[in-house]
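Worksheet: the structure to be examined is printed underneath.
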Protein chains: 2
Amino acid sequence: MRRQSTAADGQRRATVTDVARRAGVSTATVSRVLNRNYPVAEATRERVESAMRELGYVVNAHARALAGVSNRTVGIIVNEVIDPFYAYIARGVEREAALGGRLCLVCCTQGDPQRELAFIDLMHERRADAVVVVGGSIADRGYTSELARRARELDAGGSKLVLCGRPPLGEAAPTAAVEYDNEGGAFAITDHLLMQGHERILYLGGPPKLSTTRDRLAGHRRALELRGIAIDPELSQPGAFSRNFGYRRMAELLRDGPEFTAVFAANDVVAAGAAQALEEAGLRVPKDISLVGYDDIPVAQELRPRLTTVHVPLEEMGRQAVRLAVSGGDEDDWREPTTGALRLGTHIVVRDSVAPRAGRASRM
Amino acid sequence: MRRQSTAADGQRRATVTDVARRAGVSTATVSRVLNRNYPVAEATRERVESAMRELGYVVNAHARALAGVSNRTVGIIVNEVIDPFYAYIARGVEREAALGGRLCLVCCTQGDPQRELAFIDLMHERRADAVVVVGGSIADRGYTSELARRARELDAGGSKLVLCGRPPLGEAAPTAAVEYDNEGGAFAITDHLLMQGHERILYLGGPPKLSTTRDRLAGHRRALELRGIAIDPELSQPGAFSRNFGYRRMAELLRDGPEFTAVFAANDVVAAGAAQALEEAGLRVPKDISLVGYDDIPVAQELRPRLTTVHVPLEEMGRQAVRLAVSGGDEDDWREPTTGALRLGTHIVVRDSVAPRAGRASRM
DNA sequence: ATGAAAGCGCTAACAG
DNA sequence: CTGTTAGCGCTTTCAT
């Protein structure tokens with residue numbers, strides 16, 4: 001049987017009604033002191049406030065949301081919270097959300113697109129003001145249309161799907177987007193290597209079909225072509241974004257791969273793995289082989305030599321993602337265009353892992 | 001004027017009522033197919049399901065929560081999501097929550113206890129099944145009682161406050177707790193240093209009043225005393241948990257501090273900073289000075305030499321925190337004791353940053 | 001197997 | 001300045 005609201009029930013939480021009764025006022029008045037959005041006599045307010053305190057009253061956010069107030073929540077969906085790339089973006093989202101008095105729902109997909117879709121649904125059910133999906137995606141027909149559908153559903157309800165660090169969904173999908181100049185960063189750091197005389201550069205890591213990898217590889221190749229350097233398919237070794245992949249594949253290639261004088265790791269984590277393999281093979285960075293990464297997460301400064309890499313404004317991306325999505329919360333009369341997009345810049349940060357190519361090939 | 005529920009309103013979201021009307025059934029039936037917890041005729045179910053699809057219906061979690069269903073949410077409050085110590089615990093919480101079909105609210109206090117209290121309130125308002133507060137705390141009278149009050153409020157509403165990696169609040173506060181053997185880990189690693197002949201060990205970093213620091217220092221001292229080594233206050237240099245602190249203080253002490261042959265950094269991050277200072281001072285680890293850390297986060301394996309440290313089962317702590325708090329969700333008749341506690345073990349992991357003390361003092 | 005209707009706790013007209 | 005009251009969208013008896 002459904003529990004009746006007998007006042008004698010110790011387990012039941014106090015409600016506005018209880019507070020109102022105790023303070024000898026109406027629920028409307030209680031609501032008013034709760035929201036401080038309407039004048040209430042000083043004496044009344046105090047009575048209500050002590051009633052709340054005595055009863056241990058805590059407002060019910062669900063009832064409030066149901067009654068028409070925004071529930072002040074933004075959702076963020078990442079691969080992995082312990083991966084600094086995602087963690088920094090998450091931090092930006094969380095901070096910006098907190099600034100607006102919002103709480104942050106966080107989910108990890110562990111790389112599973114299905115889980116991502118399911119999480120979007122869960123957040124939609126919770127009526128999040130915005131849901132931010134972070135990181136590269138693979139261009140799958142079915143998946144993309146599922147995502148687009150959710151973007152529409154969310155939009156229809158006044159929420160927003162924000163794409164953070166991934167390509168747009170196409171015209172039909174109302175989304176907001178924050179990107180970073182991924183291709184440009186890859187171009188710049190490749191050019192940096194080129195300027196030091198490296199012509200045989202190994203590109204290592206990153207899931208081959210992921211948009212992130214495609215963009216980085218594109219920038220890399222553009223730089224090569226611009227200098228008139230032929231592209232050797234053997235020097236393109238995508239795979240995964242893990243330290244382990246960097247380590248293993250590097251070791252293999254050192255044993256029986258093509259020659260190269262520099263390595264462009266798809267990200268800093270892969271670079272860390274590669275660095276270890278290089279170290280174990282007795283090769284010195286940068287004397288024997290130059291090494292660069294991407295993302296500029298803290299490990300880049302911890303490696304020895306410190307890693308030259310591409311800085312990505314991760315935290316700022318997170319902040320902008322929520323700003324883009326919830327900025328319209330205040331202005332009522334003028335609807336922003338449904339699709340806002342933003343592209344942040346990247347730049348290389350030169351540290352100690354690149355040196356001019358040695359006179360002779362470093363490997364043979 | 002309040003928007004009326006005219007069916008012609010394009011912006012309005014579909015509700016059970018809309019679905020019911022469209023499918024030619026009652027809202028009760030819609031609810032039944034939604035929850036699949038009650039028999040519904042196959043044909044009816046299909047009609048309802050297509051109605052939902054056609055309308056783009058998405059259940060409203062708030063309405064559902066209001067109507068008496070758990071909202072399946074757990075909250076976690078940490079200092080900083082980008083700090084691996086917290087990130088790993090958060091990952092455990094998230095994964096365990098996801099296993100139970102729950103979503104995770106995450107907040108960062110940036111070290112401010114006031115913010116922590118405020119976030120607990122926000123999560124309580126959201127009726128989170130559990131709220132996990134992570135990391136050491138400082139023993140402040142007022143703060144502790146505020147926390148205890150919230151523990152009681154939460155408990156009164158059937159939720160739970162979970163202390164993760166911090167000392168209990170005292171008898172009066174109904175909480176669950178997951179600790180790790182902090183003192184024991186510090187004891188063990190100090191003893192490890194002692195076994196290598198080190199007697200002058202610098203303890204570096206960690207906020208002096210934080211419970212975490214106190215416990216680590218206590219274990220450290222117990223090990224020293226057990227070997228009959230007098231405690232030199234000058235060798236105790238707490239301060240902060242940052243890389244920067246480790247770097248700076250280490251550099252200062254190298255310039256004009258006491259003599260020591262080993263450094264026990266309060267955590268791995270501090271150790272990374274100290275390692276850099278040592279490196280810049282031309283001292284070799286472990287030949288000249290031995291160095292150990294605490295936590296065993298990834299950076300420990302990235303440092304060169306790789307860092308000997310204390311492993312803390314971070315992710316497992318997170319998992320257990322939610323398990324402890326929401327396990328009682330199924331059994332109805334028997335209430336668990338309101339205060340569950342759990343203490344997980346720690347152990348040292350020996351890598352390359354410790355060597356036997358050199359014959360002569362390494363510094364002078 | 002299905003429907004009618006009573007809440008769940010709160011907010012916001014509207015009326016004093 | 002304060003009270004009355006009608007929902008918000010869903011679940012759940014209780015009937016049928």
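Note on naming: chains are A, B, ... as they come in the structure tokens, residues start from 1 per chain, ligands start from 1 in the order shown.
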- Message: Taking 5 positions as the minimum chain separation for residues in the same chain, which residues sit within 12 Å of Glu49 in chain B when counting only C-alpha atoms (C1' of nucleotides)? Answer as a list in words.
- Response: Val16, Val19, Ala20, Arg22, Ala23, Gly24, Val25, Thr29, Val30, Ser31, Arg32, Val33, Leu34, Arg36, Val40, Glu42, Ala43, Thr44, Glu54, Leu55, Gly56, Tyr57 and Val58 of chain B
- Query: So which bits of range 173-354 of chain B end up alpha helix (DSSP H) when you DSSP the backbone, as a ChimeraX atom specification?
  - Reply: /B:182-195,211-226,243-256,268-280,299-302,314-326
- Item | Residues near range 300-312 of chain B, cut-off 7 Å, only C-alpha atoms (C1' of nucleotides), skip fewer than 3 positions along chain, as a PyMOL selection string | (chain A and resi 302-303) or (chain B and resi 185+189+268+285+292-297+346-354)
Keeping only N, CA and C atoms, take the residues you just selected and write them out as a short mmCIF file (atom, residue, chain, number, x, y, z; two decimals), in the first residue's frame.
data_model
loop_
_atom_site.label_atom_id
_atom_site.label_comp_id
_atom_site.auth_asym_id
_atom_site.auth_seq_id
_atom_site.Cartn_x
_atom_site.Cartn_y
_atom_site.Cartn_z
N GLU A 302 56.60 15.86 -18.07
CA GLU A 302 57.23 14.94 -17.15
C GLU A 302 58.24 14.04 -17.85
N LEU A 303 58.03 13.83 -19.14
CA LEU A 303 58.96 12.99 -19.89
C LEU A 303 60.34 13.65 -19.95
N GLY B 185 50.58 2.20 4.79
CA GLY B 185 51.39 2.38 3.59
C GLY B 185 52.60 3.24 3.87
N ILE B 189 56.52 2.02 3.49
CA ILE B 189 57.51 2.59 2.58
C ILE B 189 58.66 3.23 3.35
N ASP B 268 52.74 11.31 -5.24
CA ASP B 268 53.54 11.18 -6.45
C ASP B 268 53.73 12.50 -7.18
N VAL B 285 69.01 10.48 -8.78
CA VAL B 285 68.13 9.58 -8.05
C VAL B 285 68.29 8.22 -8.73
N VAL B 292 60.80 8.50 -2.77
CA VAL B 292 59.58 7.69 -2.88
C VAL B 292 58.37 8.61 -2.85
N GLY B 293 57.25 8.08 -3.34
CA GLY B 293 56.03 8.88 -3.38
C GLY B 293 54.90 8.14 -2.70
N TYR B 294 53.69 8.50 -3.05
CA TYR B 294 52.51 7.86 -2.48
C TYR B 294 51.36 8.02 -3.47
N ASP B 295 50.56 7.01 -3.60
CA ASP B 295 49.34 6.95 -4.43
C ASP B 295 49.45 6.01 -5.62
N ASP B 296 50.64 5.97 -6.22
CA ASP B 296 50.83 5.14 -7.40
C ASP B 296 49.90 5.54 -8.54
N ILE B 297 49.97 6.78 -8.92
CA ILE B 297 49.24 7.23 -10.10
C ILE B 297 50.19 7.11 -11.29
N THR B 346 46.77 -1.21 1.40
CA THR B 346 47.72 -0.53 0.50
C THR B 346 48.99 -1.38 0.49
N HIS B 347 49.82 -1.17 -0.48
CA HIS B 347 51.11 -1.89 -0.48
C HIS B 347 52.13 -1.11 -1.27
N ILE B 348 53.37 -1.31 -0.96
CA ILE B 348 54.35 -0.53 -1.70
C ILE B 348 54.67 -1.23 -3.01
N VAL B 349 55.00 -0.42 -4.01
CA VAL B 349 55.45 -1.01 -5.26
C VAL B 349 56.84 -0.47 -5.51
N VAL B 350 57.76 -1.43 -5.56
CA VAL B 350 59.16 -1.08 -5.66
C VAL B 350 59.56 -0.89 -7.11
N ARG B 351 60.08 0.29 -7.42
CA ARG B 351 60.58 0.52 -8.77
C ARG B 351 62.05 0.93 -8.67
N ASP B 352 62.42 2.02 -9.29
CA ASP B 352 63.87 2.27 -9.39
C ASP B 352 64.38 3.48 -8.65
N SER B 353 63.58 4.06 -7.78
CA SER B 353 64.02 5.34 -7.23
C SER B 353 64.64 5.24 -5.83
N VAL B 354 64.88 4.02 -5.39
CA VAL B 354 65.51 3.85 -4.09
C VAL B 354 66.75 2.98 -4.22
#
Would you mind listing, as an mmCIF file with N, CA and C atoms, in the first residue's frame, all residues of chain B that have at least one atom within 10 Å of chain C, where only C-alpha atoms (C1' of nucleotides) are what counts?
data_model
loop_
_atom_site.group_PDB
_atom_site.id
_atom_site.type_symbol
_atom_site.label_atom_id
_atom_site.label_comp_id
_atom_site.auth_asym_id
_atom_site.auth_seq_id
_atom_site.Cartn_x
_atom_site.Cartn_y
_atom_site.Cartn_z
ATOM 1 N N MET B 1 1.867 35.038 -18.964
ATOM 2 C CA MET B 1 0.858 33.991 -18.719
ATOM 3 C C MET B 1 1.449 32.602 -18.891
ATOM 4 N N ARG B 2 1.034 31.721 -18.057
ATOM 5 C CA ARG B 2 1.522 30.343 -18.105
ATOM 6 C C ARG B 2 1.093 29.679 -19.401
ATOM 7 N N VAL B 25 -5.367 4.809 -25.633
ATOM 8 C CA VAL B 25 -5.377 4.070 -24.367
ATOM 9 C C VAL B 25 -5.325 5.067 -23.222
ATOM 10 N N SER B 26 -5.247 4.564 -22.002
ATOM 11 C CA SER B 26 -5.148 5.470 -20.865
ATOM 12 C C SER B 26 -3.683 5.695 -20.492
ATOM 13 N N THR B 27 -3.452 6.703 -19.699
ATOM 14 C CA THR B 27 -2.069 6.995 -19.295
ATOM 15 C C THR B 27 -1.503 5.840 -18.468
ATOM 16 N N ALA B 28 -2.380 5.183 -17.769
ATOM 17 C CA ALA B 28 -1.914 4.052 -16.960
ATOM 18 C C ALA B 28 -1.256 3.005 -17.846
ATOM 19 N N THR B 29 -1.873 2.763 -18.961
ATOM 20 C CA THR B 29 -1.327 1.767 -19.879
ATOM 21 C C THR B 29 0.027 2.212 -20.423
ATOM 22 N N TYR B 38 4.331 -4.775 -15.846
ATOM 23 C CA TYR B 38 2.956 -5.205 -15.693
ATOM 24 C C TYR B 38 2.490 -5.701 -17.049
ATOM 25 N N PRO B 39 1.683 -6.730 -17.077
ATOM 26 C CA PRO B 39 1.261 -7.285 -18.361
ATOM 27 C C PRO B 39 0.442 -6.299 -19.190
ATOM 28 N N VAL B 40 0.781 -6.220 -20.463
ATOM 29 C CA VAL B 40 0.046 -5.381 -21.398
ATOM 30 C C VAL B 40 -0.098 -6.202 -22.677
ATOM 31 N N ALA B 41 -1.254 -6.171 -23.276
ATOM 32 C CA ALA B 41 -1.486 -6.955 -24.492
ATOM 33 C C ALA B 41 -0.494 -6.562 -25.575
ATOM 34 N N THR B 44 -1.614 -3.805 -27.934
ATOM 35 C CA THR B 44 -1.656 -2.513 -27.270
ATOM 36 C C THR B 44 -0.250 -1.942 -27.125
ATOM 37 N N ALA B 63 9.322 13.961 -13.182
ATOM 38 C CA ALA B 63 7.959 13.557 -12.865
ATOM 39 C C ALA B 63 7.994 12.163 -12.253
ATOM 40 N N ARG B 64 8.825 11.340 -12.847
ATOM 41 C CA ARG B 64 8.930 9.982 -12.365
ATOM 42 C C ARG B 64 9.468 9.946 -10.934
ATOM 43 N N ALA B 65 10.484 10.749 -10.686
ATOM 44 C CA ALA B 65 11.052 10.792 -9.341
ATOM 45 C C ALA B 65 10.016 11.303 -8.353
ATOM 46 N N LEU B 66 9.271 12.291 -8.789
ATOM 47 C CA LEU B 66 8.257 12.862 -7.911
ATOM 48 C C LEU B 66 7.200 11.822 -7.573
ATOM 49 N N ALA B 67 6.894 11.015 -8.549
ATOM 50 C CA ALA B 67 5.851 10.018 -8.348
ATOM 51 C C ALA B 67 6.336 8.859 -7.488
ATOM 52 N N GLY B 68 7.559 8.955 -7.019
ATOM 53 C CA GLY B 68 7.978 7.974 -6.030
ATOM 54 C C GLY B 68 9.027 6.970 -6.456
ATOM 55 N N VAL B 69 9.548 7.116 -7.665
ATOM 56 C CA VAL B 69 10.578 6.190 -8.103
ATOM 57 C C VAL B 69 11.949 6.803 -7.816
#
- Message: Which residues are close to Val134 in chain B, i.e. within 8 Å by only C-alpha atoms (C1' of nucleotides), leaving aside same-chain residues fewer than 5 positions away? Reply as a ChimeraX atom specification.
- Response: /B:76-79,86,163-166
Writer output for current selection, all heavy atoms, as a tab-separated table (two decimals), in the first residue's frame:
chain	number	residue	atom	x	y	z
B	76	ILE	N	29.11	12.64	-6.48
B	76	ILE	CA	30.47	12.53	-5.98
B	76	ILE	C	31.09	13.91	-5.96
B	76	ILE	O	30.92	14.69	-6.90
B	76	ILE	CB	31.32	11.57	-6.83
B	76	ILE	CG1	32.78	11.66	-6.41
B	76	ILE	CG2	31.17	11.84	-8.31
B	76	ILE	CD1	33.68	10.65	-7.08
B	77	ILE	N	31.75	14.19	-4.86
B	77	ILE	CA	32.33	15.51	-4.68
B	77	ILE	C	33.83	15.36	-4.46
B	77	ILE	O	34.27	14.68	-3.54
B	77	ILE	CB	31.70	16.21	-3.46
B	77	ILE	CG1	30.18	16.30	-3.67
B	77	ILE	CG2	32.29	17.58	-3.25
B	77	ILE	CD1	29.43	16.94	-2.53
B	78	VAL	N	34.59	15.96	-5.35
B	78	VAL	CA	36.05	15.85	-5.27
B	78	VAL	C	36.69	17.24	-5.29
B	78	VAL	O	36.01	18.22	-5.57
B	78	VAL	CB	36.61	15.05	-6.46
B	78	VAL	CG1	36.05	13.65	-6.49
B	78	VAL	CG2	36.34	15.77	-7.78
B	79	ASN	N	37.97	17.27	-5.03
B	79	ASN	CA	38.69	18.54	-5.12
B	79	ASN	C	38.79	18.99	-6.57
B	79	ASN	O	38.52	20.13	-6.89
B	79	ASN	CB	40.10	18.36	-4.59
B	79	ASN	CG	40.21	18.81	-3.15
B	79	ASN	OD1	39.21	18.97	-2.48
B	79	ASN	ND2	41.43	19.00	-2.68
B	86	TYR	N	41.83	11.78	-7.52
B	86	TYR	CA	40.38	11.89	-7.51
B	86	TYR	C	39.75	11.25	-8.75
B	86	TYR	O	38.68	10.66	-8.69
B	86	TYR	CB	39.96	13.35	-7.42
B	86	TYR	CG	40.38	13.99	-6.13
B	86	TYR	CD1	41.49	14.81	-6.05
B	86	TYR	CD2	39.68	13.72	-4.96
B	86	TYR	CE1	41.89	15.38	-4.85
B	86	TYR	CE2	40.07	14.28	-3.75
B	86	TYR	CZ	41.18	15.11	-3.70
B	86	TYR	OH	41.57	15.65	-2.53
B	163	LEU	N	31.83	8.66	3.19
B	163	LEU	CA	33.14	9.27	3.38
B	163	LEU	C	34.16	8.38	2.70
B	163	LEU	O	34.30	7.21	3.02
B	163	LEU	CB	33.44	9.31	4.88
B	163	LEU	CG	33.01	10.50	5.71
B	163	LEU	CD1	31.91	11.31	5.06
B	163	LEU	CD2	32.61	10.06	7.11
B	164	CYS	N	34.89	8.94	1.76
B	164	CYS	CA	35.82	8.12	1.00
B	164	CYS	C	37.24	8.66	1.19
B	164	CYS	O	37.60	9.70	0.65
B	164	CYS	CB	35.41	8.16	-0.46
B	164	CYS	SG	36.28	7.01	-1.50
B	165	GLY	N	38.02	7.94	1.99
B	165	GLY	CA	39.38	8.37	2.23
B	165	GLY	C	39.48	9.48	3.25
B	165	GLY	O	40.39	10.31	3.18
B	166	ARG	N	38.56	9.50	4.19
B	166	ARG	CA	38.67	10.49	5.25
B	166	ARG	C	38.09	9.91	6.54
B	166	ARG	O	37.33	8.95	6.51
B	166	ARG	CB	37.95	11.78	4.88
B	166	ARG	CG	36.44	11.71	4.91
B	166	ARG	CD	35.85	13.08	4.82
B	166	ARG	NE	36.26	13.75	3.60
B	166	ARG	CZ	35.85	14.95	3.24
B	166	ARG	NH1	35.04	15.63	4.05
B	166	ARG	NH2	36.22	15.49	2.11
Go through chain D residue by residue and, counting only C-alpha atoms (C1' of nucleotides), keep those with an atom at most 7 Å from chain B; for each kept residue give the shortest atom pair and its distance in Å to one decimal, ordered by chain and increasing number, as CSV.
residue,atom,partner,partner_atom,distance
D:DG9,C1',B:Ala63,CA,5.0
D:DC10,C1',B:Arg64,CA,5.0
D:DT11,C1',B:Ala67,CA,5.6
Would you save the residues from that selection as a PDB file, in the first residue's frame, using N, CA and C atoms (P, O5', C5', C4', C3', O3' and C1' of nucleotides)?
ATOM      1  P    DG D   9       3.993  18.721 -18.726  1.00  0.00           P
ATOM      2  O5'  DG D   9       4.345  17.255 -18.232  1.00  0.00           O
ATOM      3  C5'  DG D   9       5.661  16.973 -17.807  1.00  0.00           C
ATOM      4  C4'  DG D   9       5.709  15.595 -17.189  1.00  0.00           C
ATOM      5  C3'  DG D   9       5.076  14.494 -18.035  1.00  0.00           C
ATOM      6  O3'  DG D   9       5.967  13.406 -18.039  1.00  0.00           O
ATOM      7  C1'  DG D   9       4.143  14.479 -15.890  1.00  0.00           C
ATOM      8  P    DC D  10       5.606  12.059 -18.732  1.00  0.00           P
ATOM      9  O5'  DC D  10       5.395  11.157 -17.447  1.00  0.00           O
ATOM     10  C5'  DC D  10       6.506  10.967 -16.577  1.00  0.00           C
ATOM     11  C4'  DC D  10       6.057  10.333 -15.285  1.00  0.00           C
ATOM     12  C3'  DC D  10       5.524   8.916 -15.427  1.00  0.00           C
ATOM     13  O3'  DC D  10       6.443   8.018 -14.824  1.00  0.00           O
ATOM     14  C1'  DC D  10       4.169  10.262 -13.982  1.00  0.00           C
ATOM     15  P    DT D  11       6.229   6.451 -14.986  1.00  0.00           P
ATOM     16  O5'  DT D  11       5.476   6.125 -13.615  1.00  0.00           O
ATOM     17  C5'  DT D  11       6.157   6.405 -12.404  1.00  0.00           C
ATOM     18  C4'  DT D  11       5.261   6.063 -11.232  1.00  0.00           C
ATOM     19  C3'  DT D  11       4.815   4.616 -11.169  1.00  0.00           C
ATOM     20  O3'  DT D  11       4.953   4.217  -9.815  1.00  0.00           O
ATOM     21  C1'  DT D  11       2.940   6.029 -11.077  1.00  0.00           C
TER      22       DT D  11
END
- Message: Would you mind listing, as a PyMOL selection string, all residues of chain A that have at least one atom within 9 Å of chain B, where only C-alpha atoms are what counts?
- Response: chain A and resi 10-13+56-66+75+80-84+86-88+90-91+94-95+98+103-108+119+121-127+153+156-158+272+276+299+302-304
Only N, CA and C atoms, please: the residues just picked out, written as a short mmCIF file (atom, residue, chain, number, x, y, z; two decimals), in the first residue's frame.
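What landed in out.cif:
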data_model
loop_
_atom_site.label_atom_id
_atom_site.label_comp_id
_atom_site.auth_asym_id
_atom_site.auth_seq_id
_atom_site.Cartn_x
_atom_site.Cartn_y
_atom_site.Cartn_z
N GLY A 10 7.94 9.17 10.76
CA GLY A 10 9.28 9.70 11.00
C GLY A 10 10.17 9.71 9.77
N GLN A 11 9.98 8.78 8.89
CA GLN A 11 10.87 8.63 7.75
C GLN A 11 10.59 9.62 6.63
N ARG A 12 9.39 10.15 6.61
CA ARG A 12 9.01 11.05 5.54
C ARG A 12 9.77 12.37 5.59
N ARG A 13 10.08 12.90 4.44
CA ARG A 13 10.76 14.19 4.42
C ARG A 13 9.76 15.32 4.54
N GLY A 56 14.21 20.36 9.18
CA GLY A 56 15.25 19.80 8.33
C GLY A 56 14.77 19.76 6.88
N TYR A 57 14.05 20.80 6.52
CA TYR A 57 13.47 20.82 5.18
C TYR A 57 14.53 21.01 4.09
N VAL A 58 14.44 20.21 3.05
CA VAL A 58 15.30 20.37 1.88
C VAL A 58 14.40 20.34 0.65
N VAL A 59 14.46 21.42 -0.11
CA VAL A 59 13.58 21.52 -1.27
C VAL A 59 13.79 20.34 -2.22
N ASN A 60 12.74 19.93 -2.86
CA ASN A 60 12.82 18.81 -3.79
C ASN A 60 13.02 19.32 -5.22
N ALA A 61 14.21 19.11 -5.73
CA ALA A 61 14.55 19.64 -7.05
C ALA A 61 13.67 19.05 -8.14
N HIS A 62 13.18 17.86 -7.93
CA HIS A 62 12.35 17.24 -8.96
C HIS A 62 10.99 17.93 -9.04
N ALA A 63 10.43 18.16 -7.88
CA ALA A 63 9.13 18.84 -7.85
C ALA A 63 9.30 20.22 -8.47
N ARG A 64 10.39 20.83 -8.14
CA ARG A 64 10.65 22.15 -8.65
C ARG A 64 10.80 22.14 -10.17
N ALA A 65 11.56 21.15 -10.65
CA ALA A 65 11.77 21.05 -12.09
C ALA A 65 10.43 20.79 -12.78
N LEU A 66 9.64 19.95 -12.16
CA LEU A 66 8.35 19.61 -12.74
C LEU A 66 7.45 20.84 -12.80
N GLY A 75 24.93 17.89 -18.90
CA GLY A 75 25.51 16.57 -18.96
C GLY A 75 26.77 16.58 -19.80
N GLU A 80 36.49 8.45 -21.00
CA GLU A 80 37.19 8.02 -19.82
C GLU A 80 37.54 9.21 -18.94
N VAL A 81 37.08 9.26 -17.72
CA VAL A 81 37.43 10.40 -16.88
C VAL A 81 38.89 10.48 -16.46
N ILE A 82 39.58 9.35 -16.49
CA ILE A 82 40.97 9.42 -16.05
C ILE A 82 41.92 9.80 -17.17
N ASP A 83 41.40 9.91 -18.37
CA ASP A 83 42.24 10.35 -19.48
C ASP A 83 42.30 11.87 -19.44
N PRO A 84 43.50 12.43 -19.27
CA PRO A 84 43.63 13.88 -19.10
C PRO A 84 42.98 14.69 -20.22
N TYR A 86 40.21 14.15 -21.74
CA TYR A 86 38.81 14.32 -21.37
C TYR A 86 38.66 15.02 -20.03
N ALA A 87 39.55 14.71 -19.12
CA ALA A 87 39.43 15.29 -17.79
C ALA A 87 39.54 16.81 -17.82
N TYR A 88 40.43 17.34 -18.65
CA TYR A 88 40.55 18.79 -18.71
C TYR A 88 39.31 19.42 -19.32
N ALA A 90 36.37 18.13 -19.18
CA ALA A 90 35.33 17.96 -18.16
C ALA A 90 35.46 19.05 -17.09
N ARG A 91 36.69 19.37 -16.76
CA ARG A 91 36.88 20.41 -15.77
C ARG A 91 36.32 21.74 -16.26
N GLU A 94 32.60 21.55 -16.02
CA GLU A 94 32.15 21.61 -14.63
C GLU A 94 32.25 23.04 -14.09
N ARG A 95 33.36 23.68 -14.36
CA ARG A 95 33.53 25.04 -13.82
C ARG A 95 32.54 26.02 -14.39
N ALA A 98 29.18 25.32 -12.94
CA ALA A 98 29.09 25.77 -11.56
C ALA A 98 28.87 27.27 -11.50
N LEU A 103 24.64 21.89 -11.92
CA LEU A 103 25.35 20.67 -11.55
C LEU A 103 25.63 19.89 -12.82
N CYS A 104 26.58 18.99 -12.71
CA CYS A 104 27.11 18.34 -13.89
C CYS A 104 26.94 16.83 -13.81
N LEU A 105 26.25 16.27 -14.78
CA LEU A 105 26.12 14.82 -14.86
C LEU A 105 27.25 14.31 -15.75
N VAL A 106 28.01 13.36 -15.27
CA VAL A 106 29.14 12.85 -16.05
C VAL A 106 29.01 11.37 -16.34
N CYS A 107 29.24 10.98 -17.57
CA CYS A 107 29.21 9.56 -17.93
C CYS A 107 30.43 9.18 -18.74
N CYS A 108 30.82 7.92 -18.62
CA CYS A 108 31.93 7.42 -19.42
C CYS A 108 31.43 6.33 -20.36
N PHE A 119 23.40 7.12 -22.95
CA PHE A 119 23.61 8.16 -21.95
C PHE A 119 22.92 9.46 -22.36
N ASP A 121 20.23 9.69 -23.94
CA ASP A 121 18.81 9.50 -23.62
C ASP A 121 18.55 9.72 -22.13
N LEU A 122 19.43 9.14 -21.32
CA LEU A 122 19.26 9.28 -19.88
C LEU A 122 19.31 10.76 -19.48
N MET A 123 20.19 11.50 -20.09
CA MET A 123 20.31 12.91 -19.75
C MET A 123 19.11 13.69 -20.26
N HIS A 124 18.62 13.27 -21.39
CA HIS A 124 17.43 13.92 -21.91
C HIS A 124 16.26 13.68 -20.95
N GLU A 125 16.15 12.47 -20.47
CA GLU A 125 15.09 12.16 -19.51
C GLU A 125 15.20 13.07 -18.29
N ARG A 126 16.42 13.38 -17.94
CA ARG A 126 16.64 14.27 -16.80
C ARG A 126 16.49 15.72 -17.18
N ARG A 127 16.23 15.98 -18.43
CA ARG A 127 16.02 17.33 -18.91
C ARG A 127 17.22 18.23 -18.67
N GLU A 153 15.60 15.86 -31.01
CA GLU A 153 14.72 15.68 -29.85
C GLU A 153 15.08 16.65 -28.74
N ALA A 156 14.13 20.12 -29.66
CA ALA A 156 12.69 20.31 -29.60
C ALA A 156 12.24 20.58 -28.17
N GLY A 157 13.01 20.08 -27.24
CA GLY A 157 12.64 20.27 -25.84
C GLY A 157 13.34 21.47 -25.23
N GLY A 158 14.06 22.20 -26.06
CA GLY A 158 14.72 23.38 -25.53
C GLY A 158 16.11 23.12 -24.98
N ALA A 272 54.51 8.85 -24.91
CA ALA A 272 55.14 8.32 -23.71
C ALA A 272 55.52 6.86 -23.91
N GLN A 276 59.42 5.18 -24.25
CA GLN A 276 59.95 4.05 -23.50
C GLN A 276 60.60 3.01 -24.43
N VAL A 299 51.77 14.97 -18.80
CA VAL A 299 52.85 14.00 -18.98
C VAL A 299 53.92 14.52 -19.93
N GLU A 302 56.60 15.86 -18.07
CA GLU A 302 57.23 14.94 -17.15
C GLU A 302 58.24 14.04 -17.85
N LEU A 303 58.03 13.83 -19.14
CA LEU A 303 58.96 12.99 -19.89
C LEU A 303 60.34 13.65 -19.95
N ARG A 304 61.35 12.82 -20.12
CA ARG A 304 62.71 13.32 -20.30
C ARG A 304 63.26 12.72 -21.56
#
- Query: Mind checking DSSP for range 117-360 of chain B and telling me the strand (DSSP E) residues as JSON, numbers by chain?
  - Reply: {"B": [130, 131, 132, 133, 134, 160, 161, 162, 163, 164, 175, 176, 177, 178, 179, 180, 201, 202, 203, 204, 236, 237, 262, 263, 264, 265, 290, 291, 292, 309, 310, 311, 341, 342, 343, 344, 347, 348, 349]}
- Close residues, Pro208 in chain B itself excluded, 7 Å, only C-alpha atoms (C1' of nucleotides), min 4 positions apart in chain, as a list in words: Thr213, Pro238 and Gly239 of chain B
- Query: Interatomic distance between CA of Asn37 in chain A and CA of Pro113 in chain B?
  - Reply: 27.8 Å
